[in-house]
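Asker: Supplied structure: start.tsv, TSV, C-alpha atoms.
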chain	number	residue	atom	x	y	z
A	1	MET	CA	-20.97	27.18	-7.59
A	2	SER	CA	-18.89	28.14	-4.63
A	3	LYS	CA	-16.29	25.78	-3.20
A	4	THR	CA	-16.58	24.47	0.35
A	5	ASN	CA	-13.99	22.83	2.57
A	6	GLY	CA	-15.68	19.42	2.26
A	7	GLN	CA	-14.91	17.00	-0.54
A	8	GLU	CA	-17.02	16.77	-3.68
A	9	THR	CA	-19.41	13.85	-4.04
A	10	VAL	CA	-20.63	12.66	-7.43
A	11	ILE	CA	-23.41	10.13	-8.05
A	12	ALA	CA	-23.29	9.14	-11.72
A	13	GLN	CA	-26.05	7.92	-13.98
A	14	GLY	CA	-26.65	4.19	-13.48
A	15	VAL	CA	-26.09	4.37	-9.71
A	16	ARG	CA	-28.81	4.39	-7.04
A	17	VAL	CA	-28.52	5.84	-3.52
A	18	GLU	CA	-30.88	4.83	-0.71
A	19	GLY	CA	-30.84	6.34	2.77
A	20	ASP	CA	-29.82	9.54	4.49
A	21	PHE	CA	-27.17	11.22	2.43
A	22	LYS	CA	-25.25	13.92	4.37
A	23	SER	CA	-22.30	15.90	3.06
A	24	GLN	CA	-20.25	18.96	3.94
A	25	GLY	CA	-19.02	19.44	0.38
A	26	ASP	CA	-20.55	19.99	-3.04
A	27	VAL	CA	-22.78	17.23	-4.43
A	28	ILE	CA	-23.49	16.39	-8.06
A	29	ILE	CA	-26.29	13.90	-8.73
A	30	GLU	CA	-26.87	12.34	-12.16
A	31	GLY	CA	-28.33	9.05	-10.88
A	32	GLU	CA	-31.23	8.09	-8.60
A	33	VAL	CA	-31.69	8.94	-4.92
A	34	ALA	CA	-34.35	7.78	-2.44
A	35	GLY	CA	-34.25	9.05	1.14
A	36	ASN	CA	-32.90	12.40	2.32
A	37	ILE	CA	-30.20	14.67	0.92
A	38	GLN	CA	-28.48	17.24	3.12
A	39	THR	CA	-25.42	19.20	2.13
A	40	ALA	CA	-23.78	22.28	3.58
A	41	GLY	CA	-22.28	22.79	0.11
A	42	ASP	CA	-23.87	23.23	-3.28
A	43	LEU	CA	-26.07	20.70	-5.07
A	44	ARG	CA	-26.34	20.09	-8.79
A	45	VAL	CA	-29.07	17.73	-10.04
A	46	GLY	CA	-28.55	16.52	-13.62
A	47	GLU	CA	-31.19	16.26	-16.33
A	48	GLN	CA	-31.54	12.46	-16.18
A	49	SER	CA	-31.62	12.18	-12.40
A	50	LYS	CA	-34.65	11.15	-10.36
A	51	ILE	CA	-34.76	12.09	-6.70
A	52	LYS	CA	-37.41	10.96	-4.21
A	53	ALA	CA	-36.13	12.78	-1.18
A	54	ASP	CA	-36.35	15.87	0.99
A	55	VAL	CA	-33.45	18.11	0.07
A	56	VAL	CA	-31.44	20.62	2.14
A	57	ALA	CA	-28.63	22.52	0.41
A	58	ASN	CA	-26.73	25.78	0.51
A	59	ASN	CA	-27.26	26.55	-3.19
A	60	ALA	CA	-28.77	24.31	-5.87
A	61	VAL	CA	-29.09	24.00	-9.63
A	62	VAL	CA	-31.78	21.51	-10.67
A	63	SER	CA	-32.26	20.11	-14.17
A	64	GLY	CA	-33.87	16.75	-13.22
A	65	GLU	CA	-36.84	15.52	-11.21
A	66	ILE	CA	-37.24	16.01	-7.46
A	67	ARG	CA	-40.19	14.55	-5.55
A	68	GLY	CA	-39.87	15.96	-2.06
A	69	ASN	CA	-39.55	19.23	-0.19
A	70	MET	CA	-36.58	21.47	-0.92
A	71	GLN	CA	-34.90	23.84	1.54
A	72	VAL	CA	-32.19	26.01	0.02
A	73	GLY	CA	-30.39	28.60	2.15
A	74	GLY	CA	-29.12	30.64	-0.79
A	75	ARG	CA	-29.95	30.48	-4.48
A	76	LEU	CA	-32.03	27.82	-6.24
A	77	GLU	CA	-31.90	27.67	-10.03
A	78	LEU	CA	-34.45	25.55	-11.88
A	79	THR	CA	-33.47	24.99	-15.52
A	80	GLN	CA	-36.00	24.33	-18.31
A	81	SER	CA	-36.00	20.54	-17.77
A	82	ALA	CA	-36.46	20.76	-13.96
A	83	GLN	CA	-39.48	19.22	-12.24
A	84	VAL	CA	-40.08	19.80	-8.55
A	85	ILE	CA	-43.05	18.12	-6.89
A	86	GLY	CA	-42.95	19.44	-3.34
A	87	ASP	CA	-42.68	22.60	-1.29
A	88	ILE	CA	-39.72	24.93	-1.71
A	89	THR	CA	-38.15	27.20	0.94
A	90	VAL	CA	-35.47	29.41	-0.57
A	91	ASP	CA	-33.76	32.79	-0.36
A	92	THR	CA	-33.32	33.53	-4.10
A	93	LEU	CA	-35.18	31.64	-6.81
A	94	SER	CA	-34.53	31.53	-10.55
A	95	VAL	CA	-36.96	29.61	-12.77
A	96	ALA	CA	-36.31	29.03	-16.48
A	97	PRO	CA	-39.24	28.84	-18.91
A	98	GLY	CA	-40.44	25.22	-19.07
A	99	ALA	CA	-39.46	24.32	-15.48
A	100	GLN	CA	-42.30	22.77	-13.47
A	101	ILE	CA	-43.10	23.43	-9.81
A	102	ASN	CA	-45.98	21.73	-8.06
A	103	GLY	CA	-45.91	22.96	-4.48
A	104	LYS	CA	-45.79	25.94	-2.17
A	105	ILE	CA	-42.88	28.40	-2.41
A	106	THR	CA	-41.69	30.27	0.69
A	107	MET	CA	-39.07	32.95	0.19
A	108	ASP	CA	-37.20	32.58	3.50
A	109	GLY	CA	-33.80	30.97	2.97
A	110	ARG	CA	-32.38	32.39	6.23
A	111	GLY	CA	-34.55	29.97	8.19
A	112	VAL	CA	-32.92	26.93	6.54
A	113	GLU	CA	-30.71	24.96	8.92
A	114	MET	CA	-27.61	23.54	7.27
A	115	PRO	CA	-26.25	20.10	8.27
A	116	LYS	CA	-23.36	20.30	10.73
A	117	GLU	CA	-20.28	18.11	10.54
A	118	GLU	CA	-20.53	15.19	12.95
A	119	SER	CA	-17.49	14.99	15.22
A	120	GLU	CA	-15.71	11.63	15.32
A	121	THR	CA	-15.77	9.89	18.69
B	1	MET	CA	18.69	1.93	12.91
B	2	TYR	CA	17.70	0.82	9.40
B	3	TYR	CA	16.45	-2.69	8.71
B	4	TYR	CA	16.44	-3.81	5.06
B	5	VAL	CA	14.07	-6.56	3.96
B	6	TYR	CA	15.15	-8.16	0.67
B	7	ASP	CA	12.29	-9.92	-1.09
B	8	GLU	CA	12.89	-13.40	-2.44
B	9	PHE	CA	12.86	-12.31	-6.09
B	10	VAL	CA	15.61	-9.68	-5.65
B	11	GLN	CA	18.02	-12.43	-4.59
B	12	ASP	CA	18.02	-13.61	-8.21
B	13	GLN	CA	21.31	-13.23	-10.06
B	14	LYS	CA	19.91	-10.53	-12.37
B	15	PHE	CA	19.62	-8.12	-9.42
B	16	GLU	CA	23.12	-8.86	-8.06
B	17	ARG	CA	24.63	-5.72	-9.59
B	18	ASP	CA	21.70	-3.51	-8.49
B	19	LEU	CA	22.01	-4.76	-4.92
B	20	ALA	CA	25.76	-4.20	-4.89
B	21	LEU	CA	25.29	-0.61	-6.08
B	22	ILE	CA	22.54	-0.01	-3.52
B	23	GLU	CA	24.60	-1.42	-0.64
B	24	THR	CA	27.61	0.73	-1.61
B	25	ARG	CA	25.48	3.87	-1.87
B	26	LEU	CA	23.81	3.19	1.49
B	27	THR	CA	27.24	2.82	3.11
B	28	ASP	CA	28.38	6.09	1.50
B	29	LEU	CA	25.28	7.84	2.85
B	30	GLY	CA	25.83	6.33	6.30
B	31	ILE	CA	22.46	4.60	6.40
B	32	SER	CA	23.42	0.95	5.95
B	33	GLY	CA	21.85	-1.50	8.34
B	34	LYS	CA	20.92	-5.10	9.05
B	35	ILE	CA	19.62	-7.13	6.11
B	36	ALA	CA	16.91	-9.80	6.17
B	37	ARG	CA	16.52	-12.06	3.14
B	38	LEU	CA	13.02	-13.42	2.67
B	39	ALA	CA	12.63	-17.02	1.55
B	40	LEU	CA	9.78	-19.44	1.00
B	41	PHE	CA	9.47	-20.66	4.58
B	42	ARG	CA	10.81	-17.55	6.31
B	43	ASP	CA	8.01	-15.55	7.90
B	44	ALA	CA	8.47	-11.85	7.10
B	45	THR	CA	6.17	-10.70	9.91
B	46	GLU	CA	8.14	-12.55	12.58
B	47	LEU	CA	11.51	-11.33	11.28
B	48	ILE	CA	10.39	-7.70	11.08
B	49	GLN	CA	8.59	-7.65	14.43
B	50	ASP	CA	11.69	-9.09	16.15
B	51	GLU	CA	13.86	-6.29	14.71
B	52	VAL	CA	11.29	-3.63	15.64
B	53	LYS	CA	11.41	-4.92	19.23
B	54	LYS	CA	15.21	-4.67	19.09
B	55	GLY	CA	14.93	-0.98	18.15
B	56	ALA	CA	14.78	-0.70	14.35
B	57	SER	CA	13.64	2.83	13.51
B	58	THR	CA	13.04	2.36	9.78
B	59	VAL	CA	12.09	-0.82	7.93
B	60	VAL	CA	12.96	-0.69	4.25
B	61	ALA	CA	11.30	-3.02	1.74
B	62	VAL	CA	13.72	-3.86	-1.06
B	63	GLY	CA	11.53	-5.24	-3.84
B	64	ASN	CA	8.08	-4.24	-5.11
B	65	ASP	CA	4.55	-3.40	-3.93
B	66	MET	CA	4.09	-6.91	-2.55
B	67	THR	CA	7.25	-6.55	-0.44
B	68	LEU	CA	5.93	-3.27	0.93
B	69	ARG	CA	2.60	-4.94	1.77
B	70	LYS	CA	4.44	-7.54	3.87
B	71	VAL	CA	6.26	-4.73	5.70
B	72	ILE	CA	3.04	-2.75	6.30
B	73	ASP	CA	1.36	-5.82	7.81
B	74	ALA	CA	4.40	-6.57	9.97
B	75	VAL	CA	5.07	-3.11	11.42
B	76	GLY	CA	1.42	-2.77	12.47
B	77	ASP	CA	0.94	0.01	15.02
B	78	SER	CA	4.57	0.06	16.20
B	79	GLY	CA	5.09	3.63	14.95
B	80	VAL	CA	8.23	2.60	13.04
B	81	ALA	CA	8.81	4.38	9.70
B	82	ILE	CA	8.73	2.32	6.52
B	83	ALA	CA	10.33	2.90	3.13
B	84	ILE	CA	10.79	1.19	-0.21
B	85	VAL	CA	13.72	0.67	-2.54
B	86	PRO	CA	11.94	-0.50	-5.69
B	87	LEU	CA	13.58	-3.12	-7.87
B	88	GLY	CA	12.40	-4.84	-11.05
B	89	SER	CA	10.15	-3.48	-13.75
B	90	ASN	CA	6.78	-4.77	-12.51
B	91	ASP	CA	4.45	-3.97	-9.60
B	92	ASN	CA	6.09	-0.77	-8.45
B	93	LYS	CA	2.97	1.39	-8.53
B	94	ILE	CA	3.12	2.42	-4.86
B	95	ALA	CA	6.79	3.42	-5.06
B	96	SER	CA	5.96	5.64	-8.03
B	97	LEU	CA	3.07	7.28	-6.13
B	98	LEU	CA	5.38	7.86	-3.18
B	99	GLY	CA	7.89	9.52	-5.50
B	100	VAL	CA	10.62	6.92	-4.99
B	101	PRO	CA	12.73	6.14	-8.10
B	102	ARG	CA	13.84	2.61	-8.94
B	103	GLY	CA	17.15	1.09	-7.92
B	104	VAL	CA	20.13	2.92	-6.49
B	105	GLU	CA	18.51	6.39	-6.85
B	106	ALA	CA	16.03	5.43	-4.14
B	107	CYS	CA	18.91	5.54	-1.61
B	108	ASP	CA	19.05	9.33	-1.84
B	109	VAL	CA	15.31	9.58	-1.14
B	110	LEU	CA	15.85	7.32	1.86
B	111	SER	CA	18.69	9.49	3.08
B	112	ALA	CA	16.65	12.73	2.70
B	113	ARG	CA	14.13	11.11	5.05
B	114	ILE	CA	10.99	13.12	4.21
B	115	ILE	CA	8.49	11.30	6.38
B	116	GLU	CA	4.75	11.66	5.81
B	117	GLU	CA	2.10	10.25	8.11
B	118	LEU	CA	-0.31	8.50	5.77
B	119	ASP	CA	-3.80	7.11	6.21
B	120	VAL	CA	-4.12	3.35	6.00
B	121	GLY	CA	-7.10	1.47	4.61
B	122	VAL	CA	-8.25	-1.72	6.30
B	123	VAL	CA	-10.31	-4.44	4.57
B	124	ASN	CA	-11.55	-7.28	6.78
B	125	GLY	CA	-8.59	-6.66	9.10
B	126	ARG	CA	-5.95	-6.45	6.31
B	127	ARG	CA	-4.20	-3.16	5.72
B	128	PHE	CA	-3.71	-1.47	2.36
B	129	LEU	CA	-2.00	1.70	1.24
B	130	ASN	CA	-2.98	2.01	-2.40
B	131	GLU	CA	-6.44	0.78	-3.44
B	132	LEU	CA	-8.98	-1.97	-3.64
B	133	HIS	CA	-10.24	-2.85	-7.13
B	134	SER	CA	-12.95	-5.06	-8.60
B	135	THR	CA	-14.22	-5.28	-12.18
B	136	ASN	CA	-17.70	-6.19	-13.49
B	137	VAL	CA	-19.41	-5.47	-10.21
B	138	VAL	CA	-23.22	-5.73	-10.26
B	139	GLY	CA	-25.81	-6.65	-7.61
B	140	VAL	CA	-23.55	-5.13	-5.01
B	141	LYS	CA	-24.59	-2.86	-2.16
B	142	ILE	CA	-22.08	-0.44	-0.68
B	143	ASN	CA	-23.10	0.97	2.68
B	144	CYS	CA	-21.34	4.29	3.23
B	145	ASP	CA	-20.60	5.53	6.76
B	146	GLY	CA	-23.63	3.58	8.02
B	147	GLN	CA	-25.93	6.21	6.46
B	148	TYR	CA	-26.86	5.23	2.93
B	149	ASP	CA	-26.41	2.48	0.32
B	150	LEU	CA	-24.88	2.88	-3.12
B	151	SER	CA	-25.89	0.32	-5.76
B	152	PRO	CA	-24.64	0.29	-9.34
B	153	MET	CA	-27.54	-0.62	-11.65
B	154	ARG	CA	-25.21	-1.78	-14.43
B	155	LYS	CA	-21.91	-3.68	-14.45
B	156	SER	CA	-19.34	-1.27	-13.08
B	157	VAL	CA	-15.74	-1.11	-12.01
B	158	LEU	CA	-15.42	-0.57	-8.26
B	159	GLU	CA	-12.41	1.05	-6.63
B	160	VAL	CA	-11.80	2.11	-3.04
B	161	ARG	CA	-8.84	4.47	-3.17
B	162	ASN	CA	-6.50	5.68	-0.44
B	163	LEU	CA	-3.36	6.59	-2.39
B	164	ALA	CA	-3.95	6.75	-6.13
B	165	ASP	CA	-2.94	8.81	-9.12
B	166	ALA	CA	-5.35	11.04	-11.06
B	167	ASP	CA	-6.69	9.83	-14.40
B	168	ASP	CA	-8.96	11.32	-17.09
B	169	GLU	CA	-12.05	10.74	-14.93
B	170	VAL	CA	-11.08	11.16	-11.27
B	171	PRO	CA	-8.63	13.32	-9.33
B	172	ALA	CA	-5.76	11.85	-7.30
B	173	ALA	CA	-6.71	10.23	-3.99
B	174	LYS	CA	-4.80	11.85	-1.14
B	175	PRO	CA	-3.71	9.55	1.68
B	176	THR	CA	-3.61	12.47	4.10
B	177	ASP	CA	-7.27	13.55	4.07
B	178	GLY	CA	-8.60	10.99	6.56
B	179	LYS	CA	-10.98	9.56	3.95
B	180	LEU	CA	-11.18	6.74	1.44
B	181	GLU	CA	-12.74	7.42	-1.94
B	182	ILE	CA	-15.27	5.03	-3.39
B	183	VAL	CA	-15.20	5.20	-7.19
B	184	LEU	CA	-17.74	3.45	-9.42
B	185	ARG	CA	-17.11	3.61	-13.15
B	186	THR	CA	-20.44	2.82	-14.81
B	187	PRO	CA	-20.67	2.60	-18.61
B	188	SER	CA	-23.41	4.54	-20.36
B	189	LYS	CA	-26.62	2.69	-21.36
B	190	SER	CA	-26.35	4.09	-24.86
B	191	TRP	CA	-24.57	1.95	-27.49
B	192	ILE	CA	-23.83	5.01	-29.55
B	193	LYS	CA	-22.12	7.09	-26.90
B	194	SER	CA	-19.35	5.19	-25.15
B	195	LYS	CA	-19.23	7.40	-22.08
B	196	THR	CA	-18.47	6.26	-18.56
B	197	GLY	CA	-20.27	7.80	-15.62
B	198	VAL	CA	-18.06	8.19	-12.58
B	199	THR	CA	-19.43	8.11	-9.05
B	200	LEU	CA	-17.09	9.51	-6.42
B	201	VAL	CA	-17.93	9.30	-2.72
B	202	PRO	CA	-15.53	10.08	0.16
B	203	VAL	CA	-16.14	7.82	3.18
B	204	GLY	CA	-14.67	7.01	6.58
B	205	HIS	CA	-15.96	3.44	6.58
B	206	ALA	CA	-18.02	1.27	4.25
B	207	THR	CA	-19.33	-2.26	3.84
B	208	ILE	CA	-19.48	-3.94	0.44
B	209	SER	CA	-21.97	-6.80	0.35
B	210	CYS	CA	-23.24	-8.98	-2.46
B	211	ASP	CA	-25.25	-12.19	-2.95
B	212	ALA	CA	-22.54	-14.08	-4.82
B	213	PRO	CA	-18.80	-13.97	-4.02
B	214	ILE	CA	-16.82	-11.32	-5.87
B	215	GLN	CA	-13.09	-11.04	-6.44
B	216	ILE	CA	-11.35	-7.97	-5.11
B	217	SER	CA	-7.75	-7.02	-5.64
B	218	ILE	CA	-6.23	-5.32	-2.59
B	219	ASP	CA	-2.95	-3.58	-3.45
B	220	GLY	CA	-2.49	-6.20	-6.17
B	221	GLU	CA	-3.39	-9.27	-4.06
B	222	LEU	CA	-6.64	-11.13	-4.94
B	223	PHE	CA	-9.32	-11.94	-2.35
B	224	GLU	CA	-12.78	-13.47	-2.77
B	225	GLY	CA	-15.81	-12.92	-0.56
B	226	GLU	CA	-19.40	-11.80	-0.15
B	227	GLU	CA	-18.80	-9.08	2.45
B	228	PHE	CA	-15.92	-6.65	2.86
B	229	HIS	CA	-15.71	-4.24	5.81
B	230	ILE	CA	-13.56	-1.27	4.95
B	231	GLU	CA	-12.33	1.60	7.07
B	232	VAL	CA	-9.63	4.23	7.10
B	233	ILE	CA	-7.20	4.79	9.97
B	234	PRO	CA	-6.00	8.38	9.60
B	235	ASN	CA	-2.28	9.30	9.86
B	236	ARG	CA	-1.33	5.80	10.98
B	237	LEU	CA	1.70	4.94	8.85
B	238	LYS	CA	5.01	6.83	8.77
B	239	VAL	CA	6.34	6.52	5.23
B	240	VAL	CA	9.54	7.88	3.67
B	241	THR	CA	8.53	9.73	0.50
B	242	GLY	CA	10.31	11.50	-2.33
B	243	ARG	CA	9.90	15.05	-3.58
B	244	GLU	CA	8.12	13.68	-6.67
B	245	ARG	CA	5.31	12.14	-4.61
B	246	LYS	CA	1.87	12.41	-6.20
B	247	PHE	CA	-0.14	13.81	-3.29
Transcribe the structure of this file into structure tokens.
Answerer:
Amino acid sequence: MSKTNGQETVIAQGVRVEGDFKSQGDVIIEGEVAGNIQTAGDLRVGEQSKIKADVVANNAVVSGEIRGNMQVGGRLELTQSAQVIGDITVDTLSVAPGAQINGKITMDGRGVEMPKEESET
Amino acid sequence: MYYYVYDEFVQDQKFERDLALIETRLTDLGISGKIARLALFRDATELIQDEVKKGASTVVAVGNDMTLRKVIDAVGDSGVAIAIVPLGSNDNKIASLLGVPRGVEACDVLSARIIEELDVGVVNGRRFLNELHSTNVVGVKINCDGQYDLSPMRKSVLEVRNLADADDEVPAAKPTDGKLEIVLRTPSKSWIKSKTGVTLVPVGHATISCDAPIQISIDGELFEGEEFHIEVIPNRLKVVTGRERKF
């Protein structure tokens, strides 16, 4: 995954996140998330993770479960243990044998709007 | 003008020789100054603030992390530089992170005067430079930047780091990035694999809340409460650092 200027965020197994999660850096999720995930960086979703959220990311590698719509500006890689229940908008898609997708796929990653950094007041 | 604040414990006889060496070296380097000796009923904040008003440009804590904490609280937003001359073998974690050696060697670091503007963490109005730490945290909600809540589902170790060294699980926390790092070390559910999952979240402000009071160590000092409001003030503290600093 490419490096961004933002800092890396890691949510480990055994930790739950609720709410609107926004980041400018790379995000690694091994735990549970409910709400929204938006990152201008890259997203990695671990095998044990469970996400009930709409997801926006620059690039993503998914090995866990996502219930929600995904918008990925660049490349989305679904590994063999991935489960996506929701619609996907993406530029480049890679699906491993065994990965499950239940939803509509639109190949138009250029239309995905990335989260912008909020300026401090 | 330098103002040296001697903590109560360094006035013990066992530090007499160290202090004599330090004072001689400071005179040789041309950076000697007024000395304040802390005692049980002598308020450090009042002493330091009086000297800052009189024009002290650098306040030097002679002692350990706790001495430096007193100085940080006292200098407040005055813009005065602070420094440490560490003495004794315990509680000198911050000095080590700042790259300041113990005893007389610290005088050369002081003289070189490499000043960094560091972020300061604030917990319920109290400032900290290093980190906040609590063990066996469960049933706790950490609201991050007013956007989302983090909750450990198993007993975890909670740290909020501003200036901290790297370890096997997390990188060093830089006190110059305008962020605090929330770290949750959560043990694995499996009894066979003894692996710790590490959550790492950079934040500008956070609120830790829980149903029952928890104990939190802030730069080594223990506090108890059910709600802790935490924020970072970027580039607020001018600190004299050594070349061996760990950030």
Asker: Using all atoms listed in the file, can you list as a PyMOL selection string the residues within 8 Å of (-34.2, 21.6, -16.4)?
Answerer: chain A and resi 47+62-64+78-83+96+98-99
Asker: Of the residues B:Val239, B:Leu200, B:Ala95, B:Ala44, which is the one nearest to chain A, using all atoms listed in the file?
Answerer: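 Among the listed residues, B:Leu200 lies closest to chain A.
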Asker: Give me, as number ranges by chain, the residues of chain B touching chain A, with the criterion being at most 10 Å (counting only C-alpha atoms).
Answerer: B: 141-156, 177, 179, 181-189, 196-204
Asker: What is the distance between CA of Arg126 (chain B) and CA of Lys246 (chain B), in Å to one decimal?
Answerer: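 Spanning CA of Arg126 (chain B) to CA of Lys246 (chain B) is a straight-line distance of 23.9 Å.
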Asker: If you count all atoms listed in the file, which residues fall within 7 Å of Gln71 (chain A), apart from same-chain ones fewer than 3 positions away, as a PDB file with C-alpha atoms, in the coordinates of the input?
Answerer:
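This went into selection.pdb:
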ATOM      1  CA  VAL A  55     -33.450  18.110   0.070  1.00  0.00           C
ATOM      2  CA  VAL A  56     -31.440  20.620   2.140  1.00  0.00           C
ATOM      3  CA  ALA A  57     -28.630  22.520   0.410  1.00  0.00           C
ATOM      4  CA  ILE A  88     -39.720  24.930  -1.710  1.00  0.00           C
ATOM      5  CA  THR A  89     -38.150  27.200   0.940  1.00  0.00           C
ATOM      6  CA  VAL A  90     -35.470  29.410  -0.570  1.00  0.00           C
ATOM      7  CA  VAL A 112     -32.920  26.930   6.540  1.00  0.00           C
TER       8      VAL A 112
END
Asker: Between CA of Asn59 (chain A) and CA of Gly46 (chain A), measure the distance and give it in Å to one decimal.
Answerer: 14.5 Å
Asker: What does the distance from CA of Glu23 (chain B) to CA of Cys107 (chain B) come to in Å, to one decimal?
Answerer: 9.0 Å
Asker: Skipping near chain neighbours, those fewer than 4 positions away, what residues fall within 8 Å of Asp65 (chain B) using only C-alpha atoms, listed as a PyMOL selection string?
Answerer: chain B and resi 69+91-95+219-220
Asker: Between B:Thr176, B:Gln215, B:Ser209, B:Thr135, which residue has the minimum interatomic distance to Asp119 (chain B), considering all atoms listed in the file?
Answerer: B:Thr176
Asker: Save N, CA and C atoms of region 96-115 of chain A from the block above as a PDB file, in the first residue's frame.
Answerer:
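This went into selection02.pdb:
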ATOM      1  N   ALA A  96     -10.407 -12.635  -5.259  1.00  0.00           N
ATOM      2  CA  ALA A  96      -9.801 -13.974  -5.137  1.00  0.00           C
ATOM      3  C   ALA A  96     -10.913 -15.022  -5.131  1.00  0.00           C
ATOM      4  N   PRO A  97     -10.604 -16.259  -5.561  1.00  0.00           N
ATOM      5  CA  PRO A  97     -11.617 -17.310  -5.501  1.00  0.00           C
ATOM      6  C   PRO A  97     -12.068 -17.517  -4.056  1.00  0.00           C
ATOM      7  N   GLY A  98     -13.361 -17.592  -3.833  1.00  0.00           N
ATOM      8  CA  GLY A  98     -13.874 -17.774  -2.460  1.00  0.00           C
ATOM      9  C   GLY A  98     -14.437 -16.493  -1.864  1.00  0.00           C
ATOM     10  N   ALA A  99     -14.014 -15.344  -2.385  1.00  0.00           N
ATOM     11  CA  ALA A  99     -14.533 -14.055  -1.878  1.00  0.00           C
ATOM     12  C   ALA A  99     -16.009 -13.924  -2.260  1.00  0.00           C
ATOM     13  N   GLN A 100     -16.785 -13.307  -1.360  1.00  0.00           N
ATOM     14  CA  GLN A 100     -18.230 -13.184  -1.629  1.00  0.00           C
ATOM     15  C   GLN A 100     -18.613 -11.721  -1.804  1.00  0.00           C
ATOM     16  N   ILE A 101     -19.387 -11.460  -2.862  1.00  0.00           N
ATOM     17  CA  ILE A 101     -19.927 -10.098  -3.070  1.00  0.00           C
ATOM     18  C   ILE A 101     -21.429 -10.233  -3.282  1.00  0.00           C
ATOM     19  N   ASN A 102     -22.193  -9.525  -2.465  1.00  0.00           N
ATOM     20  CA  ASN A 102     -23.629  -9.473  -2.659  1.00  0.00           C
ATOM     21  C   ASN A 102     -24.007  -8.016  -2.848  1.00  0.00           C
ATOM     22  N   GLY A 103     -24.029  -7.570  -4.088  1.00  0.00           N
ATOM     23  CA  GLY A 103     -24.340  -6.170  -4.361  1.00  0.00           C
ATOM     24  C   GLY A 103     -23.961  -5.813  -5.779  1.00  0.00           C
ATOM     25  N   LYS A 104     -24.215  -4.558  -6.113  1.00  0.00           N
ATOM     26  CA  LYS A 104     -23.965  -4.074  -7.477  1.00  0.00           C
ATOM     27  C   LYS A 104     -22.519  -3.554  -7.561  1.00  0.00           C
ATOM     28  N   ILE A 105     -21.852  -3.822  -8.658  1.00  0.00           N
ATOM     29  CA  ILE A 105     -20.481  -3.311  -8.829  1.00  0.00           C
ATOM     30  C   ILE A 105     -20.474  -2.281  -9.952  1.00  0.00           C
ATOM     31  N   THR A 106     -19.954  -1.093  -9.674  1.00  0.00           N
ATOM     32  CA  THR A 106     -19.819  -0.049 -10.695  1.00  0.00           C
ATOM     33  C   THR A 106     -18.342   0.258 -10.866  1.00  0.00           C
ATOM     34  N   MET A 107     -17.849   0.126 -12.069  1.00  0.00           N
ATOM     35  CA  MET A 107     -16.421   0.363 -12.298  1.00  0.00           C
ATOM     36  C   MET A 107     -16.204   1.830 -12.672  1.00  0.00           C
ATOM     37  N   ASP A 108     -16.208   2.706 -11.665  1.00  0.00           N
ATOM     38  CA  ASP A 108     -16.023   4.138 -11.891  1.00  0.00           C
ATOM     39  C   ASP A 108     -15.389   4.784 -10.659  1.00  0.00           C
ATOM     40  N   GLY A 109     -14.132   4.447 -10.420  1.00  0.00           N
ATOM     41  CA  GLY A 109     -13.433   4.958  -9.240  1.00  0.00           C
ATOM     42  C   GLY A 109     -13.144   6.446  -9.288  1.00  0.00           C
ATOM     43  N   ARG A 110     -13.122   7.030 -10.521  1.00  0.00           N
ATOM     44  CA  ARG A 110     -12.788   8.457 -10.629  1.00  0.00           C
ATOM     45  C   ARG A 110     -13.868   9.345 -10.015  1.00  0.00           C
ATOM     46  N   GLY A 111     -15.074   8.790  -9.915  1.00  0.00           N
ATOM     47  CA  GLY A 111     -16.187   9.564  -9.358  1.00  0.00           C
ATOM     48  C   GLY A 111     -16.191   9.580  -7.831  1.00  0.00           C
ATOM     49  N   VAL A 112     -15.280   8.820  -7.216  1.00  0.00           N
ATOM     50  CA  VAL A 112     -15.274   8.732  -5.744  1.00  0.00           C
ATOM     51  C   VAL A 112     -14.625   9.973  -5.134  1.00  0.00           C
ATOM     52  N   GLU A 113     -15.344  10.605  -4.223  1.00  0.00           N
ATOM     53  CA  GLU A 113     -14.826  11.814  -3.581  1.00  0.00           C
ATOM     54  C   GLU A 113     -14.113  11.445  -2.279  1.00  0.00           C
ATOM     55  N   MET A 114     -12.844  11.807  -2.201  1.00  0.00           N
ATOM     56  CA  MET A 114     -12.051  11.474  -1.010  1.00  0.00           C
ATOM     57  C   MET A 114     -12.295  12.493   0.102  1.00  0.00           C
ATOM     58  N   PRO A 115     -12.212  12.054   1.383  1.00  0.00           N
ATOM     59  CA  PRO A 115     -12.397  13.022   2.476  1.00  0.00           C
ATOM     60  C   PRO A 115     -11.272  14.050   2.496  1.00  0.00           C
TER      61      PRO A 115
END
